[in-house]
file coords-v4.cif (mmCIF, C-alpha atoms)
data_input
loop_
_atom_site.label_atom_id
_atom_site.label_comp_id
_atom_site.auth_asym_id
_atom_site.auth_seq_id
_atom_site.Cartn_x
_atom_site.Cartn_y
_atom_site.Cartn_z
CA MET A 1 24.42 2.99 4.21
CA THR A 2 20.70 2.20 4.49
CA THR A 3 18.51 3.41 1.64
CA SER A 4 14.74 3.43 1.43
CA ILE A 5 11.85 5.10 -0.37
CA ALA A 6 8.35 5.87 0.83
CA ILE A 7 4.89 6.54 -0.52
CA GLU A 8 2.84 8.30 2.14
CA GLY A 9 -0.89 8.88 2.25
CA LEU A 10 -1.89 7.56 -1.18
CA LYS A 11 -5.67 8.15 -1.32
CA ILE A 12 -7.76 5.51 -3.10
CA TYR A 13 -11.51 5.00 -3.20
CA ALA A 14 -12.26 1.28 -2.87
CA TYR A 15 -14.83 -1.28 -1.77
CA HIS A 16 -13.49 -3.13 1.28
CA GLY A 17 -15.40 -4.08 4.39
CA ILE A 18 -17.46 -6.73 6.10
CA LEU A 19 -20.73 -4.83 5.82
CA GLU A 20 -22.65 -5.10 2.55
CA GLN A 21 -23.01 -1.31 2.44
CA GLU A 22 -19.22 -0.84 2.56
CA ARG A 23 -18.77 -3.13 -0.43
CA ARG A 24 -21.59 -1.46 -2.35
CA VAL A 25 -20.98 2.23 -1.55
CA GLY A 26 -17.22 2.15 -0.94
CA ASN A 27 -14.97 4.27 1.22
CA LEU A 28 -11.86 6.41 1.03
CA PHE A 29 -8.66 4.62 2.03
CA GLU A 30 -5.13 5.81 2.65
CA VAL A 31 -2.17 3.58 1.87
CA SER A 32 1.44 4.16 2.88
CA LEU A 33 4.39 2.04 1.86
CA SER A 34 8.07 2.19 2.72
CA ILE A 35 10.69 -0.17 1.36
CA THR A 36 14.36 -0.61 2.12
CA TYR A 37 16.73 -1.73 -0.61
CA ASP A 38 20.11 -0.80 -2.00
CA PHE A 39 19.71 2.03 -4.48
CA SER A 40 23.29 3.23 -4.20
CA LYS A 41 23.76 2.66 -7.95
CA ALA A 42 20.92 5.14 -8.68
CA ILE A 43 22.62 7.72 -6.48
CA GLU A 44 25.49 7.74 -8.95
CA SER A 45 23.74 7.00 -12.25
CA ASP A 46 20.61 9.21 -11.94
CA SER A 47 18.82 6.48 -13.92
CA LEU A 48 15.37 5.03 -13.24
CA ASP A 49 16.77 1.67 -14.36
CA ASP A 50 18.82 1.56 -11.15
CA THR A 51 15.96 2.05 -8.70
CA ILE A 52 12.33 1.09 -8.09
CA SER A 53 9.75 3.35 -9.71
CA TYR A 54 7.35 5.14 -7.35
CA ALA A 55 4.79 5.14 -10.16
CA TYR A 56 5.02 1.38 -10.55
CA LEU A 57 4.64 0.88 -6.79
CA CYS A 58 1.56 3.13 -6.82
CA GLU A 59 0.12 1.06 -9.68
CA LEU A 60 0.68 -2.17 -7.72
CA ILE A 61 -1.13 -0.64 -4.75
CA ARG A 62 -3.99 0.63 -6.92
CA ARG A 63 -4.40 -2.78 -8.54
CA GLU A 64 -4.61 -4.60 -5.19
CA MET A 65 -6.94 -1.96 -3.74
CA SER A 66 -9.31 -2.44 -6.69
CA ILE A 67 -10.05 -6.04 -5.61
CA PRO A 68 -12.81 -5.95 -2.94
CA SER A 69 -11.98 -7.66 0.36
CA GLY A 70 -13.73 -8.10 3.67
CA LEU A 71 -10.69 -7.34 5.83
CA LEU A 72 -8.02 -4.66 5.64
CA GLU A 73 -5.59 -7.35 6.83
CA HIS A 74 -6.25 -9.22 3.57
CA VAL A 75 -5.76 -6.10 1.43
CA ALA A 76 -2.50 -5.17 3.18
CA GLY A 77 -1.27 -8.74 2.81
CA ARG A 78 -1.96 -8.71 -0.92
CA ILE A 79 -0.10 -5.40 -1.32
CA MET A 80 2.86 -6.81 0.62
CA LYS A 81 2.94 -9.96 -1.55
CA ALA A 82 2.68 -7.97 -4.80
CA VAL A 83 5.57 -5.72 -3.79
CA ARG A 84 7.74 -8.61 -2.59
CA ASN A 85 6.98 -10.71 -5.69
CA ASN A 86 7.94 -7.86 -8.04
CA PHE A 87 11.11 -6.68 -6.29
CA SER A 88 13.45 -9.30 -4.86
CA THR A 89 16.02 -6.65 -3.84
CA ILE A 90 13.81 -5.31 -1.03
CA THR A 91 15.26 -6.18 2.37
CA HIS A 92 12.54 -4.63 4.56
CA GLY A 93 9.14 -3.10 4.03
CA CYS A 94 6.10 -1.70 5.74
CA VAL A 95 2.58 -1.20 4.37
CA THR A 96 -0.25 0.57 6.18
CA VAL A 97 -3.86 0.58 4.98
CA LYS A 98 -6.34 2.94 6.67
CA LYS A 99 -10.09 3.30 6.22
CA LEU A 100 -10.74 7.02 6.62
CA THR A 101 -14.47 6.93 7.40
CA PRO A 102 -15.24 3.59 9.03
CA PRO A 103 -18.87 2.72 9.81
CA ILE A 104 -18.37 3.19 13.54
CA SER A 105 -20.48 5.67 15.49
CA MET A 106 -17.52 7.32 17.20
CA GLN A 107 -15.33 10.18 16.07
CA MET A 108 -11.88 9.15 14.83
CA ASN A 109 -9.38 9.91 12.11
CA ALA A 110 -9.18 6.38 10.71
CA VAL A 111 -8.86 2.69 11.45
CA GLY A 112 -6.16 0.59 9.86
CA VAL A 113 -3.64 -2.21 9.76
CA LYS A 114 0.12 -2.30 9.36
CA ILE A 115 2.38 -5.08 8.13
CA GLU A 116 6.17 -4.98 8.43
CA TRP A 117 8.41 -7.57 6.83
#
call {"tool": "encode", "arguments": {"input": "coords-v4.cif", "output": "structure tokens"}}
result
Amino acid sequence: MTTSIAIEGLKIYAYHGILEQERRVGNLFEVSLSITYDFSKAIESDSLDDTISYAYLCELIRREMSIPSGLLEHVAGRIMKAVRNNFSTITHGCVTVKKLTPPISMQMNAVGVKIEW
């Protein structure tokens, strides 16, 4: 059995970007995270002690997003490290960070990066 949980489309206002304006004014970002780990014990116990808390994962993401960075690659890497450092039982993960209104004069939904481990 493979078991995983996901956080999809977490919206966070933050101050990432190479341009000075991006770091001063900020932008809306969307973060998604999926992690694979064995939560078969939680299936039986119905106890939060036997799984990984979505709320705690969201707090880790919020904390890393609150630190301004030039590159989305850097932000996504920090999120990945924070998750991995806090939960050694994770066997696979994927984090995506998207900037929803990038300072590019073309119409698009978002730009972003994705890290799988």
call {"tool": "closest_residue", "arguments": {"input": "coords-v4.cif", "among": "A:Tyr37, A:Arg24, A:Thr101, A:Ala14", "to": "Ile52 of chain A", "atoms": "only C-alpha atoms"}}
result
A:Tyr37
call {"tool": "resolve_selection", "arguments": {"input": "coords-v4.cif", "expression": "the PyMOL selection byres ((chain A and resi 110) around 10)", "output": "JSON, numbers by chain"}}
result
{"A": [29, 30, 97, 98, 99, 100, 101, 102, 107, 108, 109, 111, 112]}
call {"tool": "residues_around", "arguments": {"input": "coords-v4.cif", "residues": "Ser4 of chain A", "least_positions_apart": "2", "cutoff": "7 Å", "atoms": "all atoms listed in the file", "output": "list in words"}}
result
Thr2, Ala6, Ser34, Ile35, Thr36 and Tyr37 of chain A
call {"tool": "residues_around", "arguments": {"input": "coords-v4.cif", "residues": "Lys81 of chain A", "least_positions_apart": "6", "cutoff": "12 Å", "atoms": "only C-alpha atoms", "output": "PyMOL selection string"}}
result
chain A and resi 60-61+64+74-75+87-88+90+93-95+115-117
call {"tool": "resolve_selection", "arguments": {"input": "coords-v4.cif", "expression": "the PyMOL selection byres ((chain A and resi 17) around 7)", "output": "MDAnalysis selection string"}}
result
chainID A and resid 15:16 18:19 22:23 69:71
call {"tool": "residues_near_point", "arguments": {"input": "coords-v4.cif", "point": "(1.1, -2.5, 1.4)", "cutoff": "6 Å", "atoms": "all atoms listed in the file", "output": "count of residues only"}}
result
6
call {"tool": "resolve_selection", "arguments": {"input": "coords-v4.cif", "expression": "the PyMOL selection byres ((chain A and resi 39) around 10)", "output": "list in words"}}
result
Met1, Thr2, Thr3, Ser4, Ile5, Thr36, Tyr37, Asp38, Ser40, Lys41, Ala42, Ile43, Glu44, Asp50, Thr51, Ile52 and Thr89 of chain A
call {"tool": "write_last_selection", "arguments": {"input": "coords-v4.cif", "atoms": "C-alpha atoms", "output": "PDB file, keeping the file's coordinate frame"}}
result
ATOM      1  CA  MET A   1      24.420   2.990   4.210  1.00  0.00           C
ATOM      2  CA  THR A   2      20.700   2.200   4.490  1.00  0.00           C
ATOM      3  CA  THR A   3      18.510   3.410   1.640  1.00  0.00           C
ATOM      4  CA  SER A   4      14.740   3.430   1.430  1.00  0.00           C
ATOM      5  CA  ILE A   5      11.850   5.100  -0.370  1.00  0.00           C
ATOM      6  CA  THR A  36      14.360  -0.610   2.120  1.00  0.00           C
ATOM      7  CA  TYR A  37      16.730  -1.730  -0.610  1.00  0.00           C
ATOM      8  CA  ASP A  38      20.110  -0.800  -2.000  1.00  0.00           C
ATOM      9  CA  SER A  40      23.290   3.230  -4.200  1.00  0.00           C
ATOM     10  CA  LYS A  41      23.760   2.660  -7.950  1.00  0.00           C
ATOM     11  CA  ALA A  42      20.920   5.140  -8.680  1.00  0.00           C
ATOM     12  CA  ILE A  43      22.620   7.720  -6.480  1.00  0.00           C
ATOM     13  CA  GLU A  44      25.490   7.740  -8.950  1.00  0.00           C
ATOM     14  CA  ASP A  50      18.820   1.560 -11.150  1.00  0.00           C
ATOM     15  CA  THR A  51      15.960   2.050  -8.700  1.00  0.00           C
ATOM     16  CA  ILE A  52      12.330   1.090  -8.090  1.00  0.00           C
ATOM     17  CA  THR A  89      16.020  -6.650  -3.840  1.00  0.00           C
TER      18      THR A  89
END
call {"tool": "residues_around", "arguments": {"input": "coords-v4.cif", "residues": "Arg63 of chain A", "least_positions_apart": "3", "cutoff": "12 Å", "atoms": "all atoms listed in the file", "output": "list in words"}}
result
Ile12, Tyr13, Ala14, Tyr56, Leu57, Cys58, Glu59, Leu60, Ser66, Ile67, Pro68, Val75, Arg78, Ile79, Ala82 and Val83 of chain A
call {"tool": "atom_distance", "arguments": {"input": "coords-v4.cif", "atom1": "atom CA of Arg62 of chain A", "atom2": "atom CA of Ser32 of chain A"}}
result
11.7 Å
call {"tool": "atom_distance", "arguments": {"input": "coords-v4.cif", "atom1": "atom CA of Lys114 of chain A", "atom2": "atom CA of Leu48 of chain A"}}
result
28.2 Å
call {"tool": "atom_distance", "arguments": {"input": "coords-v4.cif", "atom1": "atom CA of Glu20 of chain A", "atom2": "atom CA of Met106 of chain A"}}
result
19.9 Å
